>>> print(open('entry.cif').read())   # mmCIF, C-alpha atoms
data_work
#
loop_
_atom_site.label_atom_id
_atom_site.label_comp_id
_atom_site.auth_asym_id
_atom_site.auth_seq_id
_atom_site.Cartn_x
_atom_site.Cartn_y
_atom_site.Cartn_z
CA MET A 1 167.29 -3.25 82.06
CA LYS A 2 164.98 -4.92 84.55
CA ASN A 3 164.20 -3.03 87.72
CA PRO A 4 167.29 -1.85 89.65
CA PRO A 5 167.20 -1.22 93.41
CA SER A 6 164.52 1.15 94.67
CA ASN A 7 165.38 4.74 95.60
CA ILE A 8 162.32 5.20 97.78
CA SER A 9 164.26 6.78 100.67
CA ARG A 10 166.27 9.22 98.51
CA ALA A 11 165.22 12.88 98.28
CA LYS A 12 163.95 13.87 94.84
CA TYR A 13 165.50 16.84 93.06
CA ASP A 14 167.05 17.90 89.76
CA PHE A 15 170.43 16.24 89.45
CA ILE A 16 173.29 16.04 86.94
CA ASP A 17 175.58 13.07 87.56
CA SER A 18 179.33 13.63 87.26
CA SER A 19 179.54 10.94 84.55
CA VAL A 20 177.00 12.93 82.51
CA ILE A 21 179.13 16.07 82.82
CA GLU A 22 182.20 14.13 81.65
CA LYS A 23 180.24 12.73 78.70
CA LEU A 24 178.99 16.16 77.64
CA GLU A 25 182.42 17.78 78.01
CA SER A 26 184.17 15.04 76.02
CA TYR A 27 181.76 15.18 73.04
CA ASN A 28 183.89 16.07 70.04
CA HIS A 29 181.64 16.69 67.05
CA ASN A 30 183.44 17.36 63.78
CA PHE A 31 181.84 20.68 62.90
CA SER A 32 183.95 20.92 59.76
CA GLN A 33 182.14 17.85 58.43
CA GLU A 34 179.49 18.74 55.89
CA LEU A 35 176.28 17.08 57.03
CA GLU A 36 173.91 15.83 54.36
CA LYS A 37 170.96 18.09 53.70
CA ILE A 38 167.44 16.79 53.26
CA PRO A 39 166.32 17.33 49.64
CA THR A 40 163.69 20.05 50.04
CA GLN A 41 162.99 20.73 46.37
CA ASP A 42 159.60 19.74 44.96
CA PRO A 43 157.96 19.74 48.41
CA TYR A 44 154.60 18.47 47.13
CA SER A 45 155.46 16.34 44.08
CA LEU A 46 156.04 12.62 43.61
CA ASN A 47 159.55 13.41 42.39
CA GLY A 48 160.36 15.28 45.62
CA GLN A 49 158.98 12.42 47.69
CA LYS A 50 161.22 9.96 45.83
CA LEU A 51 164.27 12.17 46.37
CA ARG A 52 163.66 12.24 50.12
CA LEU A 53 162.94 8.51 50.32
CA ASN A 54 166.17 7.78 48.43
CA PHE A 55 168.00 10.11 50.84
CA ILE A 56 166.65 8.19 53.84
CA ARG A 57 167.54 4.80 52.37
CA LYS A 58 171.00 5.85 51.17
CA GLU A 59 172.19 8.25 53.87
CA LEU A 60 170.34 7.01 56.94
CA LYS A 61 170.37 3.31 56.00
CA THR A 62 166.78 2.97 57.18
CA ASN A 63 163.88 0.99 55.73
CA VAL A 64 160.74 3.11 55.24
CA ASP A 65 158.61 0.76 53.14
CA TYR A 66 155.50 1.30 55.27
CA LEU A 67 155.93 5.07 55.47
CA SER A 68 156.34 5.28 51.71
CA GLY A 69 153.31 3.08 51.02
CA LYS A 70 155.33 0.27 49.46
CA LYS A 71 154.00 -2.03 52.16
CA VAL A 72 150.60 -1.90 53.89
CA PHE A 73 149.70 -2.92 57.46
CA ASP A 74 147.66 -6.13 57.41
CA ASN A 75 148.38 -7.86 60.75
CA ASN A 76 145.10 -7.37 62.61
CA GLU A 77 146.24 -9.58 65.50
CA HIS A 78 148.76 -6.86 66.30
CA LEU A 79 145.93 -4.44 67.16
CA LYS A 80 145.15 -6.14 70.46
CA GLY A 81 145.82 -3.79 73.35
CA ASN A 82 145.97 -0.74 71.08
CA ILE A 83 142.48 -0.22 69.68
CA GLU A 84 138.96 -1.67 69.71
CA ASN A 85 136.32 -1.69 66.94
CA TYR A 86 139.06 -1.30 64.30
CA ILE A 87 138.04 -0.19 60.79
CA GLY A 88 141.27 1.08 59.21
CA MET A 89 144.16 3.53 59.40
CA SER A 90 143.99 7.33 59.43
CA GLN A 91 146.84 8.47 57.21
CA ILE A 92 148.75 11.52 58.48
CA PRO A 93 151.37 13.04 56.13
CA THR A 94 154.86 12.53 57.55
CA GLY A 95 158.05 14.41 56.73
CA ILE A 96 161.53 14.86 58.18
CA ILE A 97 163.61 17.80 59.36
CA GLY A 98 167.25 18.15 60.29
CA PRO A 99 169.90 17.31 60.95
CA LEU A 100 170.04 18.37 64.58
CA ILE A 101 173.37 17.95 66.38
CA ILE A 102 172.63 16.63 69.87
CA ASN A 103 175.08 16.49 72.77
CA GLY A 104 172.89 14.75 75.32
CA SER A 105 173.06 12.85 78.56
CA SER A 106 171.41 9.88 76.81
CA THR A 107 172.66 10.17 73.23
CA GLN A 108 175.01 12.14 71.00
CA GLY A 109 175.20 12.65 67.25
CA ASN A 110 173.27 13.88 64.23
CA PHE A 111 169.53 13.23 64.00
CA TYR A 112 166.86 13.63 61.32
CA ILE A 113 163.48 13.99 62.99
CA PRO A 114 160.20 12.55 61.60
CA LEU A 115 157.09 14.68 62.12
CA ALA A 116 153.48 13.85 61.20
CA THR A 117 151.11 16.77 60.69
CA THR A 118 148.52 18.34 58.42
CA GLU A 119 149.57 21.89 59.33
CA GLY A 120 151.10 23.57 56.29
CA THR A 121 154.52 25.29 56.71
CA LEU A 122 155.14 23.57 60.06
CA LEU A 123 157.98 21.37 58.80
CA ALA A 124 159.45 24.18 56.70
CA SER A 125 159.53 26.36 59.83
CA PHE A 126 161.03 23.66 62.05
CA ASN A 127 163.56 22.76 59.36
CA ARG A 128 164.69 26.39 59.22
CA GLY A 129 165.12 26.36 63.00
CA ALA A 130 167.04 23.08 62.77
CA LYS A 131 169.36 24.66 60.19
CA ALA A 132 170.03 27.64 62.47
CA CYS A 133 170.83 25.26 65.33
CA LYS A 134 173.04 23.00 63.22
CA GLU A 135 175.07 25.93 61.88
CA SER A 136 175.47 27.34 65.40
CA GLY A 137 176.63 24.12 67.06
CA ALA A 138 175.34 21.28 69.20
CA ILE A 139 172.21 21.38 71.35
CA THR A 140 173.06 20.26 74.90
CA VAL A 141 170.24 18.18 76.41
CA ILE A 142 170.14 16.73 79.94
CA THR A 143 167.55 14.57 81.68
CA LEU A 144 167.20 15.95 85.22
CA GLN A 145 164.54 13.67 86.74
CA GLU A 146 162.37 10.69 85.84
CA GLY A 147 159.03 9.73 87.34
CA VAL A 148 155.50 8.64 86.47
CA GLN A 149 152.76 9.09 89.05
CA ARG A 150 149.45 7.66 90.15
CA THR A 151 147.53 9.50 92.84
CA PRO A 152 144.95 7.23 94.51
CA THR A 153 142.63 9.20 96.76
CA PHE A 154 140.95 8.06 99.97
CA LYS A 155 138.05 9.60 101.90
CA PHE A 156 137.58 9.09 105.67
CA LYS A 157 134.95 9.94 108.26
CA ASN A 158 137.24 12.46 109.91
CA LEU A 159 140.81 13.70 110.24
CA ILE A 160 141.61 11.38 113.14
CA ASP A 161 140.86 8.28 111.05
CA LEU A 162 142.84 9.76 108.17
CA GLY A 163 145.81 10.43 110.45
CA LYS A 164 145.91 6.83 111.69
CA PHE A 165 145.70 5.61 108.11
CA VAL A 166 148.58 7.86 106.99
CA ALA A 167 150.80 6.73 109.86
CA TRP A 168 150.28 3.10 108.86
CA VAL A 169 150.92 3.84 105.17
CA LEU A 170 154.21 5.61 105.85
CA GLU A 171 155.44 2.63 107.89
CA HIS A 172 154.96 0.33 104.90
CA LYS A 173 156.76 2.16 102.06
CA GLU A 174 159.33 -0.62 101.65
CA THR A 175 156.51 -3.16 101.40
CA PHE A 176 154.97 -1.10 98.59
CA SER A 177 158.34 -1.12 96.84
CA ILE A 178 158.49 -4.92 97.06
CA LEU A 179 154.91 -5.23 95.74
CA THR A 180 155.88 -3.07 92.77
CA ARG A 181 158.81 -5.33 91.92
CA GLU A 182 156.56 -8.37 92.18
CA THR A 183 154.00 -6.79 89.85
CA SER A 184 156.29 -5.45 87.11
CA ASN A 185 159.70 -6.37 85.74
CA TYR A 186 160.50 -2.74 84.97
CA ALA A 187 158.58 -0.42 87.32
CA ILE A 188 160.39 0.97 90.37
CA LEU A 189 158.59 2.80 93.18
CA ASN A 190 160.82 5.75 94.07
CA ASP A 191 158.63 8.08 96.10
CA VAL A 192 155.47 8.15 98.21
CA GLY A 193 153.97 11.61 98.76
CA ILE A 194 151.16 12.57 101.12
CA ASN A 195 148.66 15.40 100.54
CA ILE A 196 145.85 15.99 103.04
CA GLU A 197 142.76 18.08 102.45
CA GLY A 198 140.31 17.80 105.34
CA ASN A 199 139.14 14.19 105.42
CA ILE A 200 140.57 13.54 101.93
CA LEU A 201 143.97 11.89 101.51
CA ILE A 202 145.88 11.91 98.22
CA ILE A 203 148.84 9.53 98.00
CA ARG A 204 151.29 10.24 95.19
CA PHE A 205 153.07 7.05 94.14
CA GLU A 206 155.95 7.94 91.84
CA TYR A 207 157.69 5.31 89.71
CA THR A 208 160.22 4.94 86.96
CA SER A 209 159.08 2.72 84.12
CA GLY A 210 162.14 1.69 82.11
CA ASP A 211 161.80 2.40 78.38
CA ALA A 212 157.98 2.52 78.47
CA SER A 213 155.98 5.70 79.00
CA GLY A 214 154.44 3.79 81.88
CA GLN A 215 150.85 5.00 82.44
CA ASN A 216 149.35 1.51 82.32
CA MET A 217 152.31 -0.02 84.15
CA VAL A 218 152.04 2.32 87.14
CA THR A 219 148.26 1.95 87.25
CA ILE A 220 148.59 -1.83 87.61
CA CYS A 221 151.27 -1.46 90.30
CA THR A 222 149.26 1.13 92.22
CA ASP A 223 146.17 -1.07 92.09
CA LYS A 224 148.18 -3.92 93.63
CA ILE A 225 149.46 -1.62 96.40
CA CYS A 226 146.01 -0.18 97.12
CA LYS A 227 144.46 -3.63 97.39
CA TYR A 228 147.20 -4.59 99.87
CA ILE A 229 146.53 -1.41 101.86
CA LEU A 230 142.78 -2.02 102.00
CA SER A 231 143.29 -5.62 103.13
CA ASN A 232 145.78 -4.78 105.89
CA CYS A 233 145.36 -1.21 107.12
CA PRO A 234 143.73 -0.60 110.54
CA ILE A 235 141.30 2.04 109.26
CA GLU A 236 138.95 1.44 106.35
CA PRO A 237 138.27 4.47 104.11
CA VAL A 238 134.71 5.49 103.30
CA PHE A 239 135.60 5.67 99.61
CA TRP A 240 138.69 5.36 97.44
CA THR A 241 139.66 5.67 93.79
CA ILE A 242 142.78 4.59 91.90
CA GLU A 243 143.31 8.10 90.49
CA GLY A 244 142.23 11.36 92.08
CA ASN A 245 143.15 13.43 89.01
CA THR A 246 146.14 15.10 90.64
CA SER A 247 148.91 13.14 88.89
CA GLY A 248 148.92 15.52 85.92
CA ASP A 249 147.95 12.76 83.50
CA LYS A 250 147.12 14.33 80.10
CA LYS A 251 146.73 17.85 81.42
CA ALA A 252 148.86 20.89 82.16
CA THR A 253 149.44 21.43 85.88
CA SER A 254 151.27 23.99 87.98
CA LEU A 255 153.80 21.44 89.26
CA THR A 256 156.49 22.55 86.80
CA THR A 257 159.31 22.04 89.31
CA ARG A 258 158.60 18.31 89.62
CA VAL A 259 158.49 15.72 86.88
CA ARG A 260 156.04 13.62 84.90
CA GLY A 261 157.82 11.22 82.60
CA ARG A 262 161.16 12.90 82.14
CA LYS A 263 162.21 16.41 83.06
CA ILE A 264 164.68 17.71 80.51
CA THR A 265 166.55 20.94 79.96
CA ALA A 266 168.26 21.97 76.73
CA GLU A 267 170.40 24.87 75.58
CA ILE A 268 172.10 26.28 72.50
CA THR A 269 173.74 29.58 71.64
CA LEU A 270 172.58 30.80 68.24
CA LYS A 271 175.26 32.86 66.51
CA ARG A 272 174.34 36.38 65.45
CA GLY A 273 175.35 35.83 61.83
CA ILE A 274 173.28 32.63 61.61
CA ILE A 275 170.23 34.35 63.09
CA GLU A 276 170.55 37.10 60.50
CA SER A 277 171.18 34.85 57.49
CA VAL A 278 168.89 31.88 58.29
CA LEU A 279 166.14 33.33 60.48
CA LYS A 280 166.18 36.80 58.85
CA THR A 281 166.08 38.68 62.14
CA THR A 282 168.40 39.77 64.98
CA PRO A 283 169.19 38.51 68.49
CA GLU A 284 167.74 41.73 69.89
CA LEU A 285 164.38 41.26 68.18
CA LEU A 286 164.17 37.59 69.21
CA GLN A 287 164.95 38.47 72.82
CA GLN A 288 162.35 41.22 72.77
CA GLN A 289 159.78 38.80 71.32
CA TRP A 290 160.61 36.32 74.09
CA LYS A 291 160.09 38.99 76.76
CA ILE A 292 156.73 39.99 75.28
CA SER A 293 155.66 36.34 74.95
CA THR A 294 156.67 35.52 78.52
CA SER A 295 154.71 38.51 79.80
CA GLY A 296 151.77 37.47 77.63
CA SER A 297 151.86 33.96 79.08
CA LEU A 298 151.61 35.37 82.59
CA LYS A 299 148.76 37.69 81.64
CA GLY A 300 146.89 34.89 79.94
CA GLY A 301 147.33 32.49 82.86
CA SER A 302 149.35 29.99 80.85
CA ILE A 303 151.28 27.24 82.61
CA GLY A 304 154.73 27.66 81.11
CA THR A 305 156.15 30.25 78.73
CA GLY A 306 156.54 28.24 75.53
CA MET A 307 154.85 29.76 72.48
CA HIS A 308 153.67 26.53 70.84
CA PRO A 309 155.66 23.41 71.87
CA ALA A 310 152.49 21.31 71.42
CA ASN A 311 152.91 21.72 67.65
CA ALA A 312 156.21 19.87 67.54
CA LEU A 313 155.28 17.38 70.24
CA ALA A 314 151.99 16.35 68.63
CA ALA A 315 153.71 15.85 65.25
CA LEU A 316 156.53 13.85 66.85
CA PHE A 317 154.16 11.81 69.04
CA ILE A 318 151.95 10.83 66.08
CA ALA A 319 154.94 9.86 63.96
CA CYS A 320 156.61 7.82 66.71
CA GLY A 321 153.60 6.04 68.23
CA GLN A 322 153.34 8.01 71.47
CA ASP A 323 150.16 8.76 73.44
CA VAL A 324 149.12 12.01 71.77
CA GLY A 325 146.89 12.86 74.73
CA CYS A 326 150.07 13.36 76.74
CA THR A 327 150.86 16.52 74.81
CA GLY A 328 148.52 18.00 77.44
CA GLU A 329 151.27 17.82 80.05
CA ALA A 330 154.32 17.47 77.80
CA SER A 331 153.83 20.88 76.20
CA THR A 332 154.48 22.64 79.51
CA ALA A 333 157.74 24.51 78.96
CA ILE A 334 159.86 27.28 80.46
CA THR A 335 161.92 29.15 77.86
CA ARG A 336 164.70 31.71 78.13
CA MET A 337 166.60 33.92 75.68
CA GLU A 338 169.55 36.14 76.59
CA ILE A 339 172.11 38.03 74.50
CA ASP A 340 175.60 37.01 75.64
CA GLU A 341 178.86 38.98 75.75
CA ASN A 342 179.56 38.12 72.09
CA GLY A 343 176.22 39.44 70.89
CA ASP A 344 174.93 35.91 70.23
CA LEU A 345 171.63 34.56 71.58
CA TYR A 346 171.64 32.01 74.40
CA CYS A 347 168.43 29.92 74.23
CA ALA A 348 167.19 27.42 76.82
CA ILE A 349 164.06 25.37 77.28
CA THR A 350 163.07 23.23 80.27
CA MET A 351 160.24 20.72 79.90
CA PRO A 352 159.29 18.83 83.08
CA ASN A 353 156.64 16.51 81.63
CA ILE A 354 158.06 14.67 78.61
CA ILE A 355 156.21 11.37 78.95
CA VAL A 356 157.38 9.11 76.14
CA GLY A 357 158.36 5.49 75.52
CA THR A 358 160.24 3.44 72.98
CA VAL A 359 158.39 0.21 73.81
CA GLY A 360 154.69 -0.47 74.30
CA GLY A 361 151.73 1.56 73.15
CA GLY A 362 151.81 2.33 69.44
CA THR A 363 155.59 2.06 69.05
CA SER A 364 155.58 -1.30 67.26
CA PHE A 365 153.14 -0.40 64.48
CA PRO A 366 154.98 -0.43 61.14
CA THR A 367 155.16 3.29 60.33
CA GLN A 368 155.79 4.26 63.95
CA LYS A 369 158.54 1.66 64.19
CA GLU A 370 160.17 3.09 61.06
CA CYS A 371 160.06 6.61 62.50
CA LEU A 372 161.61 5.45 65.78
CA GLU A 373 164.32 3.67 63.78
CA LEU A 374 165.02 6.94 61.94
CA ILE A 375 166.08 8.51 65.24
CA GLY A 376 167.74 5.37 66.63
CA CYS A 377 165.12 4.82 69.33
CA TYR A 378 163.29 1.61 68.44
#
>>> encode(input="entry.cif", output="structure tokens")
Amino acid sequence: MKNPPSNISRAKYDFIDSSVIEKLESYNHNFSQELEKIPTQDPYSLNGQKLRLNFIRKELKTNVDYLSGKKVFDNNEHLKGNIENYIGMSQIPTGIIGPLIINGSSTQGNFYIPLATTEGTLLASFNRGAKACKESGAITVITLQEGVQRTPTFKFKNLIDLGKFVAWVLEHKETFSILTRETSNYAILNDVGINIEGNILIIRFEYTSGDASGQNMVTICTDKICKYILSNCPIEPVFWTIEGNTSGDKKATSLTTRVRGRKITAEITLKRGIIESVLKTTPELLQQQWKISTSGSLKGGSIGTGMHPANALAALFIACGQDVGCTGEASTAITRMEIDENGDLYCAITMPNIIVGTVGGGTSFPTQKECLELIGCY
């Protein structure tokens, strides 16, 4: 969908639309249906690989000729915009886990997830977690906010000059919105934030970027806006830069209540019997481990309380053609575990910086395209 009307004057906060609530409440998964299991026998043999490839082709109706090595990438013209000084492909082993049952604000159904990694036991561990989730029910997932930022920074001789500059900028927000629409078919400028530090001004331009992750898109739009500002504003800055390193790009920041990319929250209640039979532990021990880990995160100065979300994100990003550097911010997570009145374990995770795209970047390379098709996202 090309850019809808701007929301530049609307306050930004976590929000769940009533239509999303209706969608989530009306989801009627047939839990009596026996979902197909991934063949996990012969995890390292050619025979096991063939079993899993046949499973993907037969059950998921998906072509994985490039992933399996039947076809080889040979279209060098396609590299433009993705890499320079090309010499070949680094091959990362790729496997699948699942199914996961998702009841989400964007999608619903059963999903088998491709992950690319060289870390032994990672997929076995995630697959065991996926089994515990599947046997306990659906994972509810909601997108709360969307936004990608650029934070151009301006230096002035003094605070008075800066103040005049800010006043002019704030009077021209709608103009910046129009410039964004003229520059991109998909970017929307939704917020302009002001941060002053002495004679330094940081402007936070926040956009949505359609189905793209958007870093390049918002950089181009911000450059257009900044050039307009410099040509028309009454006060000329002493120095300016397109990015003052406060947008959170490819790094963990303390702004966990805002958003970079998409802010999502997810929950599932793991049943006591499933925890005992699949995970070989108890709700009490898992909750105690979560308490210790949360305390340890605080003591260690971590941003977020997740134990190792970067593991899953890096494997998913590599498989699906995402910017792996963005695991820096995407791995920020707040987790929670509580034993409910039935003795089951309520689990929640909130991740404010999931910056991903299904178009652009590396998404159209053959193996990455096949992985995105596996999860219905290409």
>>> resolve_selection(input="entry.cif", expression="the PyMOL selection byres ((chain A and resi 142) around 8)", output="PDB file with C-alpha atoms, keeping the file's coordinate frame")
ATOM      1  CA  ILE A  16     173.290  16.040  86.940  1.00  0.00           C
ATOM      2  CA  GLY A 104     172.890  14.750  75.320  1.00  0.00           C
ATOM      3  CA  SER A 105     173.060  12.850  78.560  1.00  0.00           C
ATOM      4  CA  SER A 106     171.410   9.880  76.810  1.00  0.00           C
ATOM      5  CA  THR A 140     173.060  20.260  74.900  1.00  0.00           C
ATOM      6  CA  VAL A 141     170.240  18.180  76.410  1.00  0.00           C
ATOM      7  CA  THR A 143     167.550  14.570  81.680  1.00  0.00           C
ATOM      8  CA  LEU A 144     167.200  15.950  85.220  1.00  0.00           C
ATOM      9  CA  ILE A 264     164.680  17.710  80.510  1.00  0.00           C
ATOM     10  CA  THR A 265     166.550  20.940  79.960  1.00  0.00           C
ATOM     11  CA  ALA A 266     168.260  21.970  76.730  1.00  0.00           C
TER      12      ALA A 266
END
>>> residues_near_point(input="entry.cif", point="(164.6, -0.2, 58.8)", cutoff="8 Å", atoms="only C-alpha atoms", output="list in words")
Lys61, Thr62, Asn63, Val64, Glu370, Glu373 and Leu374 of chain A
>>> closest_atom_pairs(input="entry.cif", of="segment 75-138 of chain A", to="segment 348-362 of chain A", cutoff="10 Å", atoms="all atoms listed in the file", output="tab-separated table")
residue	atom	partner	partner_atom	distance
A:Leu79	CA	A:Gly362	CA	9.3
A:Gly81	CA	A:Gly361	CA	8.0
A:Asn82	CA	A:Gly361	CA	6.5
A:Ile83	CA	A:Gly362	CA	9.7
>>> atom_distance(input="entry.cif", atom1="atom CA of Glu77 of chain A", atom2="atom CA of Tyr186 of chain A")
25.1 Å
>>> residues_around(input="entry.cif", residues="segment 225-231 of chain A", least_positions_apart="5", cutoff="9 Å", atoms="all atoms listed in the file", output="list in words")
Pro152, Val169, Thr175, Phe176, Ser177, Leu179, Thr180, Ile220, Glu236, Pro237 and Ile242 of chain A
>>> resolve_selection(input="entry.cif", expression="the PyMOL selection byres ((chain A and resi 197-208) around 6)", output="JSON, numbers by chain")
{"A": [147, 148, 149, 150, 151, 152, 153, 154, 155, 156, 158, 159, 187, 188, 189, 190, 191, 192, 193, 194, 195, 196, 209]}
>>> atom_distance(input="entry.cif", atom1="atom CA of Ile102 of chain A", atom2="atom CA of Lys271 of chain A")
16.8 Å
>>> resolve_selection(input="entry.cif", expression="the PyMOL selection byres ((chain A and resi 275-284) around 7)", output="MDAnalysis selection string")
chainID A and resid 128 132 270:274 285:288 339 344:345
>>> residues_around(input="entry.cif", residues="Asn76 of chain A", least_positions_apart="6", cutoff="12 Å", atoms="all atoms listed in the file", output="PyMOL selection string")
chain A and resi 82-89+365
>>> closest_atom_pairs(input="entry.cif", of="segment 79-184 of chain A", to="segment 366-369 of chain A", cutoff="12 Å", atoms="all atoms listed in the file", output="JSON lines")
{"residue": "A:Leu79", "atom": "CA", "partner": "A:Pro366", "partner_atom": "CA", "distance": 11.6}
{"residue": "A:Met89", "atom": "CA", "partner": "A:Thr367", "partner_atom": "CA", "distance": 11.0}
{"residue": "A:Ser90", "atom": "CA", "partner": "A:Thr367", "partner_atom": "CA", "distance": 11.9}
{"residue": "A:Gln91", "atom": "CA", "partner": "A:Thr367", "partner_atom": "CA", "distance": 10.3}
{"residue": "A:Ile92", "atom": "CA", "partner": "A:Thr367", "partner_atom": "CA", "distance": 10.6}
{"residue": "A:Pro93", "atom": "CA", "partner": "A:Thr367", "partner_atom": "CA", "distance": 11.3}
{"residue": "A:Thr94", "atom": "CA", "partner": "A:Thr367", "partner_atom": "CA", "distance": 9.7}
{"residue": "A:Pro114", "atom": "CA", "partner": "A:Gln368", "partner_atom": "CA", "distance": 9.7}
{"residue": "A:Leu115", "atom": "CA", "partner": "A:Gln368", "partner_atom": "CA", "distance": 10.7}
{"residue": "A:Ala116", "atom": "CA", "partner": "A:Gln368", "partner_atom": "CA", "distance": 10.2}
>>> closest_residue(input="entry.cif", among="A:Asn311, A:Asn110, A:Ser254, A:Ser19", to="Leu122 of chain A", atoms="all atoms listed in the file")
A:Asn311
>>> residues_around(input="entry.cif", residues="segment 95-101 of chain A", least_positions_apart="2", cutoff="9 Å", atoms="only C-alpha atoms", output="short mmCIF file (atom, residue, chain, number, x, y, z; two decimals) with C-alpha atoms, in the frame of the given file")
data_model
loop_
_atom_site.label_atom_id
_atom_site.label_comp_id
_atom_site.auth_asym_id
_atom_site.auth_seq_id
_atom_site.Cartn_x
_atom_site.Cartn_y
_atom_site.Cartn_z
CA HIS A 29 181.64 16.69 67.05
CA LEU A 35 176.28 17.08 57.03
CA GLU A 36 173.91 15.83 54.36
CA LYS A 37 170.96 18.09 53.70
CA ILE A 38 167.44 16.79 53.26
CA ARG A 52 163.66 12.24 50.12
CA PRO A 93 151.37 13.04 56.13
CA ASN A 103 175.08 16.49 72.77
CA GLN A 108 175.01 12.14 71.00
CA GLY A 109 175.20 12.65 67.25
CA ASN A 110 173.27 13.88 64.23
CA PHE A 111 169.53 13.23 64.00
CA TYR A 112 166.86 13.63 61.32
CA ILE A 113 163.48 13.99 62.99
CA PRO A 114 160.20 12.55 61.60
CA LEU A 115 157.09 14.68 62.12
CA ALA A 116 153.48 13.85 61.20
CA THR A 117 151.11 16.77 60.69
CA LEU A 123 157.98 21.37 58.80
CA ALA A 124 159.45 24.18 56.70
CA PHE A 126 161.03 23.66 62.05
CA ASN A 127 163.56 22.76 59.36
CA ARG A 128 164.69 26.39 59.22
CA GLY A 129 165.12 26.36 63.00
CA ALA A 130 167.04 23.08 62.77
CA LYS A 131 169.36 24.66 60.19
CA CYS A 133 170.83 25.26 65.33
CA LYS A 134 173.04 23.00 63.22
CA GLY A 137 176.63 24.12 67.06
CA ALA A 138 175.34 21.28 69.20
CA ILE A 139 172.21 21.38 71.35
CA THR A 140 173.06 20.26 74.90
#
>>> atom_distance(input="entry.cif", atom1="atom CA of Lys263 of chain A", atom2="atom CA of Gln145 of chain A")
5.1 Å
>>> closest_residue(input="entry.cif", among="A:Arg258, A:Lys291, A:Arg181, A:Lys250", to="Thr222 of chain A", atoms="all atoms listed in the file")
A:Arg181
>>> decode(input="entry.cif", residues="segment 216-227 of chain A", atoms="N, CA, C and O atoms", output="PDB file, in the first residue's frame")
ATOM      1  N   ASN A 216      17.401   2.868   4.756  1.00  0.00           N
ATOM      2  CA  ASN A 216      17.824   3.693   3.622  1.00  0.00           C
ATOM      3  C   ASN A 216      16.720   4.667   3.202  1.00  0.00           C
ATOM      4  O   ASN A 216      16.980   5.828   2.873  1.00  0.00           O
ATOM      5  N   MET A 217      15.494   4.188   3.233  1.00  0.00           N
ATOM      6  CA  MET A 217      14.356   5.016   2.842  1.00  0.00           C
ATOM      7  C   MET A 217      14.255   6.268   3.710  1.00  0.00           C
ATOM      8  O   MET A 217      14.111   7.392   3.203  1.00  0.00           O
ATOM      9  N   VAL A 218      14.363   6.101   5.028  1.00  0.00           N
ATOM     10  CA  VAL A 218      14.201   7.261   5.913  1.00  0.00           C
ATOM     11  C   VAL A 218      15.427   8.165   5.876  1.00  0.00           C
ATOM     12  O   VAL A 218      15.310   9.374   6.143  1.00  0.00           O
ATOM     13  N   THR A 219      16.583   7.604   5.542  1.00  0.00           N
ATOM     14  CA  THR A 219      17.772   8.444   5.384  1.00  0.00           C
ATOM     15  C   THR A 219      17.602   9.383   4.196  1.00  0.00           C
ATOM     16  O   THR A 219      17.908  10.582   4.282  1.00  0.00           O
ATOM     17  N   ILE A 220      17.105   8.869   3.090  1.00  0.00           N
ATOM     18  CA  ILE A 220      16.891   9.679   1.883  1.00  0.00           C
ATOM     19  C   ILE A 220      15.851  10.771   2.160  1.00  0.00           C
ATOM     20  O   ILE A 220      16.023  11.935   1.774  1.00  0.00           O
ATOM     21  N   CYS A 221      14.759  10.400   2.837  1.00  0.00           N
ATOM     22  CA  CYS A 221      13.717  11.386   3.151  1.00  0.00           C
ATOM     23  C   CYS A 221      14.234  12.466   4.099  1.00  0.00           C
ATOM     24  O   CYS A 221      13.956  13.661   3.919  1.00  0.00           O
ATOM     25  N   THR A 222      15.007  12.051   5.104  1.00  0.00           N
ATOM     26  CA  THR A 222      15.534  13.021   6.064  1.00  0.00           C
ATOM     27  C   THR A 222      16.533  13.962   5.402  1.00  0.00           C
ATOM     28  O   THR A 222      16.579  15.163   5.704  1.00  0.00           O
ATOM     29  N   ASP A 223      17.316  13.439   4.478  1.00  0.00           N
ATOM     30  CA  ASP A 223      18.262  14.278   3.749  1.00  0.00           C
ATOM     31  C   ASP A 223      17.515  15.356   2.955  1.00  0.00           C
ATOM     32  O   ASP A 223      17.931  16.523   2.928  1.00  0.00           O
ATOM     33  N   LYS A 224      16.418  14.961   2.321  1.00  0.00           N
ATOM     34  CA  LYS A 224      15.607  15.925   1.564  1.00  0.00           C
ATOM     35  C   LYS A 224      15.052  17.006   2.498  1.00  0.00           C
ATOM     36  O   LYS A 224      15.083  18.212   2.173  1.00  0.00           O
ATOM     37  N   ILE A 225      14.558  16.607   3.663  1.00  0.00           N
ATOM     38  CA  ILE A 225      14.010  17.565   4.623  1.00  0.00           C
ATOM     39  C   ILE A 225      15.098  18.501   5.134  1.00  0.00           C
ATOM     40  O   ILE A 225      14.907  19.726   5.212  1.00  0.00           O
ATOM     41  N   CYS A 226      16.253  17.941   5.472  1.00  0.00           N
ATOM     42  CA  CYS A 226      17.342  18.766   6.011  1.00  0.00           C
ATOM     43  C   CYS A 226      17.836  19.789   4.988  1.00  0.00           C
ATOM     44  O   CYS A 226      18.147  20.936   5.346  1.00  0.00           O
ATOM     45  N   LYS A 227      17.912  19.382   3.739  1.00  0.00           N
ATOM     46  CA  LYS A 227      18.335  20.322   2.703  1.00  0.00           C
ATOM     47  C   LYS A 227      17.316  21.451   2.540  1.00  0.00           C
ATOM     48  O   LYS A 227      17.689  22.609   2.307  1.00  0.00           O
TER      49      LYS A 227
END
